[in-house]
Amino acid sequence: MSYETIFIGLLMAVFYVEIFDLYPGGIIVPAYMALYLHQPGRLAATVLVAYLALYSYKLLSRYFILFGRRRFVLVLLLGALWAHAWFLIWPEILPQPIGLRTIGLVIPGLIANNLEKQKQALTLASMVTVTVATYFLARVVSWIGL
């Protein structure tokens with residue numbers, strides 16, 4: 001179901017952006033979030049790491065001139081660094097079965113980038129909407145057997 005979910009998520013995100021002119025955390029983000037919708041701890045950890053990357057960027061932007069590609073690359077890098085730190089530190093604090101791991105290294109940075117560019121509530125609402133729609137459409141496609 002993963003290939004179908006990623007393809008459906010990409011299509012849903014592109015249509016959503018075209019219709020509403022809002023990015024749901026990035027074009028690929030809803031597809032990956034839909035893959036892990038049954039693990040709410042991973043979703044929460046990913047969004048939390050995205051906020052850590054966002055606030056780290058805001059702190060650094062006070063001292064450096066960051067815009068355009070530099071801003072995008074820095075936010076992605078901060079998201080990856082925080083996700084990796086989360087992966088290394090969190091299992092030492094709580095046992096692994098709790099499942100508070102992030103979804104990849106790039107996804108938190110993409111979410112943080114869109115949180116910075118758009119209003120945060122709109123980005124999160126768009127991400128949830130497209131993720132849930134992707135999940136259910138992928139389930140229907142899987143059920144039909146296409």
# chains A, B, ... in the order shown; residues from 1 in each chain; ligands from 1
$ residues_around --residues "region 18-29 of chain A" --least-positions-apart "3" --cutoff "9 Å" --atoms "only C-alpha atoms" --output "PyMOL selection string"
chain A and resi 6+9-15+32-34+107-108+110-115+118+122-131
$ write_last_selection --atoms "N, CA and C atoms" --output "PDB file, in the first residue's frame"
ATOM      1  N   ILE A   6       1.798   6.938  -1.495  1.00  0.00           N
ATOM      2  CA  ILE A   6       2.673   8.051  -1.873  1.00  0.00           C
ATOM      3  C   ILE A   6       2.173   8.710  -3.152  1.00  0.00           C
ATOM      4  N   GLY A   9      -1.022  10.577  -2.325  1.00  0.00           N
ATOM      5  CA  GLY A   9      -0.683  11.752  -1.520  1.00  0.00           C
ATOM      6  C   GLY A   9      -0.096  12.872  -2.346  1.00  0.00           C
ATOM      7  N   LEU A  10       0.765  12.528  -3.295  1.00  0.00           N
ATOM      8  CA  LEU A  10       1.322  13.555  -4.186  1.00  0.00           C
ATOM      9  C   LEU A  10       0.222  14.216  -5.010  1.00  0.00           C
ATOM     10  N   LEU A  11      -0.665  13.399  -5.578  1.00  0.00           N
ATOM     11  CA  LEU A  11      -1.761  13.960  -6.379  1.00  0.00           C
ATOM     12  C   LEU A  11      -2.685  14.833  -5.527  1.00  0.00           C
ATOM     13  N   MET A  12      -3.026  14.348  -4.340  1.00  0.00           N
ATOM     14  CA  MET A  12      -3.919  15.115  -3.470  1.00  0.00           C
ATOM     15  C   MET A  12      -3.279  16.442  -3.065  1.00  0.00           C
ATOM     16  N   ALA A  13      -1.987  16.414  -2.748  1.00  0.00           N
ATOM     17  CA  ALA A  13      -1.303  17.639  -2.342  1.00  0.00           C
ATOM     18  C   ALA A  13      -1.218  18.633  -3.489  1.00  0.00           C
ATOM     19  N   VAL A  14      -0.924  18.151  -4.691  1.00  0.00           N
ATOM     20  CA  VAL A  14      -0.842  19.056  -5.843  1.00  0.00           C
ATOM     21  C   VAL A  14      -2.203  19.684  -6.126  1.00  0.00           C
ATOM     22  N   PHE A  15      -3.264  18.877  -6.096  1.00  0.00           N
ATOM     23  CA  PHE A  15      -4.601  19.426  -6.319  1.00  0.00           C
ATOM     24  C   PHE A  15      -4.986  20.403  -5.215  1.00  0.00           C
ATOM     25  N   TYR A  32       3.586  10.820   3.348  1.00  0.00           N
ATOM     26  CA  TYR A  32       4.318  10.130   4.403  1.00  0.00           C
ATOM     27  C   TYR A  32       3.551  10.147   5.721  1.00  0.00           C
ATOM     28  N   MET A  33       2.851  11.230   5.997  1.00  0.00           N
ATOM     29  CA  MET A  33       2.043  11.279   7.216  1.00  0.00           C
ATOM     30  C   MET A  33       0.920  10.245   7.145  1.00  0.00           C
ATOM     31  N   ALA A  34       0.337  10.054   5.954  1.00  0.00           N
ATOM     32  CA  ALA A  34      -0.727   9.066   5.791  1.00  0.00           C
ATOM     33  C   ALA A  34      -0.204   7.650   5.996  1.00  0.00           C
ATOM     34  N   ILE A 107      11.272  15.242   6.392  1.00  0.00           N
ATOM     35  CA  ILE A 107       9.873  15.643   6.592  1.00  0.00           C
ATOM     36  C   ILE A 107       9.724  16.756   7.639  1.00  0.00           C
ATOM     37  N   PRO A 108      10.389  16.687   8.802  1.00  0.00           N
ATOM     38  CA  PRO A 108      10.250  17.797   9.759  1.00  0.00           C
ATOM     39  C   PRO A 108      10.743  19.131   9.197  1.00  0.00           C
ATOM     40  N   LEU A 110      10.693  20.049   6.002  1.00  0.00           N
ATOM     41  CA  LEU A 110       9.696  20.527   5.036  1.00  0.00           C
ATOM     42  C   LEU A 110       8.500  21.152   5.748  1.00  0.00           C
ATOM     43  N   ILE A 111       8.064  20.526   6.820  1.00  0.00           N
ATOM     44  CA  ILE A 111       6.949  21.089   7.594  1.00  0.00           C
ATOM     45  C   ILE A 111       7.360  22.430   8.195  1.00  0.00           C
ATOM     46  N   ALA A 112       8.566  22.495   8.760  1.00  0.00           N
ATOM     47  CA  ALA A 112       9.039  23.747   9.364  1.00  0.00           C
ATOM     48  C   ALA A 112       9.143  24.849   8.317  1.00  0.00           C
ATOM     49  N   ASN A 113       9.573  24.515   7.124  1.00  0.00           N
ATOM     50  CA  ASN A 113       9.666  25.504   6.049  1.00  0.00           C
ATOM     51  C   ASN A 113       8.300  26.095   5.737  1.00  0.00           C
ATOM     52  N   ASN A 114       7.283  25.251   5.645  1.00  0.00           N
ATOM     53  CA  ASN A 114       5.947  25.758   5.357  1.00  0.00           C
ATOM     54  C   ASN A 114       5.313  26.447   6.551  1.00  0.00           C
ATOM     55  N   LEU A 115       5.660  26.030   7.748  1.00  0.00           N
ATOM     56  CA  LEU A 115       5.174  26.747   8.931  1.00  0.00           C
ATOM     57  C   LEU A 115       5.721  28.165   8.952  1.00  0.00           C
ATOM     58  N   GLN A 118       3.925  30.162   5.633  1.00  0.00           N
ATOM     59  CA  GLN A 118       2.493  30.393   5.752  1.00  0.00           C
ATOM     60  C   GLN A 118       2.135  30.590   7.219  1.00  0.00           C
ATOM     61  N   LEU A 122      -2.973  27.496   9.341  1.00  0.00           N
ATOM     62  CA  LEU A 122      -3.363  27.086   7.991  1.00  0.00           C
ATOM     63  C   LEU A 122      -2.528  25.913   7.496  1.00  0.00           C
ATOM     64  N   THR A 123      -1.249  25.936   7.802  1.00  0.00           N
ATOM     65  CA  THR A 123      -0.379  24.845   7.373  1.00  0.00           C
ATOM     66  C   THR A 123      -0.767  23.546   8.059  1.00  0.00           C
ATOM     67  N   LEU A 124      -0.969  23.597   9.366  1.00  0.00           N
ATOM     68  CA  LEU A 124      -1.325  22.379  10.099  1.00  0.00           C
ATOM     69  C   LEU A 124      -2.699  21.855   9.691  1.00  0.00           C
ATOM     70  N   ALA A 125      -3.661  22.758   9.514  1.00  0.00           N
ATOM     71  CA  ALA A 125      -4.996  22.329   9.086  1.00  0.00           C
ATOM     72  C   ALA A 125      -4.955  21.718   7.689  1.00  0.00           C
ATOM     73  N   SER A 126      -4.185  22.322   6.793  1.00  0.00           N
ATOM     74  CA  SER A 126      -4.044  21.776   5.445  1.00  0.00           C
ATOM     75  C   SER A 126      -3.369  20.416   5.479  1.00  0.00           C
ATOM     76  N   MET A 127      -2.351  20.295   6.303  1.00  0.00           N
ATOM     77  CA  MET A 127      -1.629  19.026   6.395  1.00  0.00           C
ATOM     78  C   MET A 127      -2.543  17.918   6.915  1.00  0.00           C
ATOM     79  N   VAL A 128      -3.311  18.212   7.939  1.00  0.00           N
ATOM     80  CA  VAL A 128      -4.227  17.209   8.492  1.00  0.00           C
ATOM     81  C   VAL A 128      -5.292  16.834   7.466  1.00  0.00           C
ATOM     82  N   THR A 129      -5.847  17.818   6.793  1.00  0.00           N
ATOM     83  CA  THR A 129      -6.893  17.563   5.809  1.00  0.00           C
ATOM     84  C   THR A 129      -6.406  16.662   4.682  1.00  0.00           C
ATOM     85  N   VAL A 130      -5.279  17.013   4.087  1.00  0.00           N
ATOM     86  CA  VAL A 130      -4.766  16.239   2.955  1.00  0.00           C
ATOM     87  C   VAL A 130      -4.269  14.872   3.420  1.00  0.00           C
ATOM     88  N   THR A 131      -3.704  14.797   4.613  1.00  0.00           N
ATOM     89  CA  THR A 131      -3.228  13.508   5.134  1.00  0.00           C
ATOM     90  C   THR A 131      -4.384  12.548   5.340  1.00  0.00           C
TER      91      THR A 131
END
$ closest_residue --among "A:Val47, A:Gln39, A:Thr5, A:Lys117" --to "Phe67 (chain A)" --atoms "only C-alpha atoms"
A:Lys117
$ select_by_dssp --residues "region 8-72 of chain A" --states "alpha helix (DSSP H)" --output "ChimeraX atom specification"
/A:8-20,29-35,40-60,68-72
$ write_last_selection --atoms "C-alpha atoms" --output "mmCIF file, in the first residue's frame"
data_model
loop_
_atom_site.group_PDB
_atom_site.id
_atom_site.type_symbol
_atom_site.label_atom_id
_atom_site.label_comp_id
_atom_site.auth_asym_id
_atom_site.auth_seq_id
_atom_site.Cartn_x
_atom_site.Cartn_y
_atom_site.Cartn_z
ATOM 1 C CA ILE A 8 -2.201 9.387 -4.095
ATOM 2 C CA GLY A 9 -0.683 11.752 -1.520
ATOM 3 C CA LEU A 10 1.322 13.555 -4.186
ATOM 4 C CA LEU A 11 -1.761 13.960 -6.379
ATOM 5 C CA MET A 12 -3.919 15.115 -3.470
ATOM 6 C CA ALA A 13 -1.303 17.639 -2.342
ATOM 7 C CA VAL A 14 -0.842 19.056 -5.843
ATOM 8 C CA PHE A 15 -4.601 19.426 -6.319
ATOM 9 C CA TYR A 16 -4.944 20.977 -2.873
ATOM 10 C CA VAL A 17 -2.229 23.527 -3.616
ATOM 11 C CA GLU A 18 -3.803 24.375 -6.969
ATOM 12 C CA ILE A 19 -7.295 24.782 -5.531
ATOM 13 C CA PHE A 20 -6.578 26.522 -2.208
ATOM 14 C CA VAL A 29 4.510 15.437 3.519
ATOM 15 C CA PRO A 30 0.836 14.303 3.510
ATOM 16 C CA ALA A 31 1.778 11.067 1.751
ATOM 17 C CA TYR A 32 4.318 10.130 4.403
ATOM 18 C CA MET A 33 2.043 11.279 7.216
ATOM 19 C CA ALA A 34 -0.727 9.066 5.791
ATOM 20 C CA LEU A 35 1.634 6.080 5.847
ATOM 21 C CA PRO A 40 0.112 8.997 16.345
ATOM 22 C CA GLY A 41 3.312 9.172 18.396
ATOM 23 C CA ARG A 42 5.390 9.423 15.235
ATOM 24 C CA LEU A 43 3.134 12.141 13.848
ATOM 25 C CA ALA A 44 3.371 14.143 17.067
ATOM 26 C CA ALA A 45 7.140 13.712 17.258
ATOM 27 C CA THR A 46 7.518 14.849 13.653
ATOM 28 C CA VAL A 47 5.459 17.987 14.195
ATOM 29 C CA LEU A 48 7.298 18.732 17.455
ATOM 30 C CA VAL A 49 10.683 18.407 15.726
ATOM 31 C CA ALA A 50 9.381 20.672 12.943
ATOM 32 C CA TYR A 51 8.602 23.322 15.553
ATOM 33 C CA LEU A 52 12.063 22.894 17.087
ATOM 34 C CA ALA A 53 13.568 23.480 13.642
ATOM 35 C CA LEU A 54 11.310 26.495 13.077
ATOM 36 C CA TYR A 55 12.245 28.168 16.348
ATOM 37 C CA SER A 56 15.923 27.369 15.817
ATOM 38 C CA TYR A 57 15.679 29.075 12.434
ATOM 39 C CA LYS A 58 13.991 32.110 13.981
ATOM 40 C CA LEU A 59 16.774 32.342 16.542
ATOM 41 C CA LEU A 60 19.488 32.086 13.880
ATOM 42 C CA GLY A 68 15.592 32.119 -0.415
ATOM 43 C CA ARG A 69 17.607 28.971 -0.894
ATOM 44 C CA ARG A 70 19.767 29.560 2.142
ATOM 45 C CA ARG A 71 16.694 29.731 4.356
ATOM 46 C CA PHE A 72 15.208 26.604 2.806
#
$ closest_residue --among "A:Leu100, A:Val106, A:Ala121, A:Leu66" --to "Ala80 (chain A)" --atoms "only C-alpha atoms"
A:Val106
$ closest_residue --among "A:Tyr36, A:Trp90, A:Tyr3, A:Phe64" --to "Tyr135 (chain A)" --atoms "only C-alpha atoms"
A:Tyr36
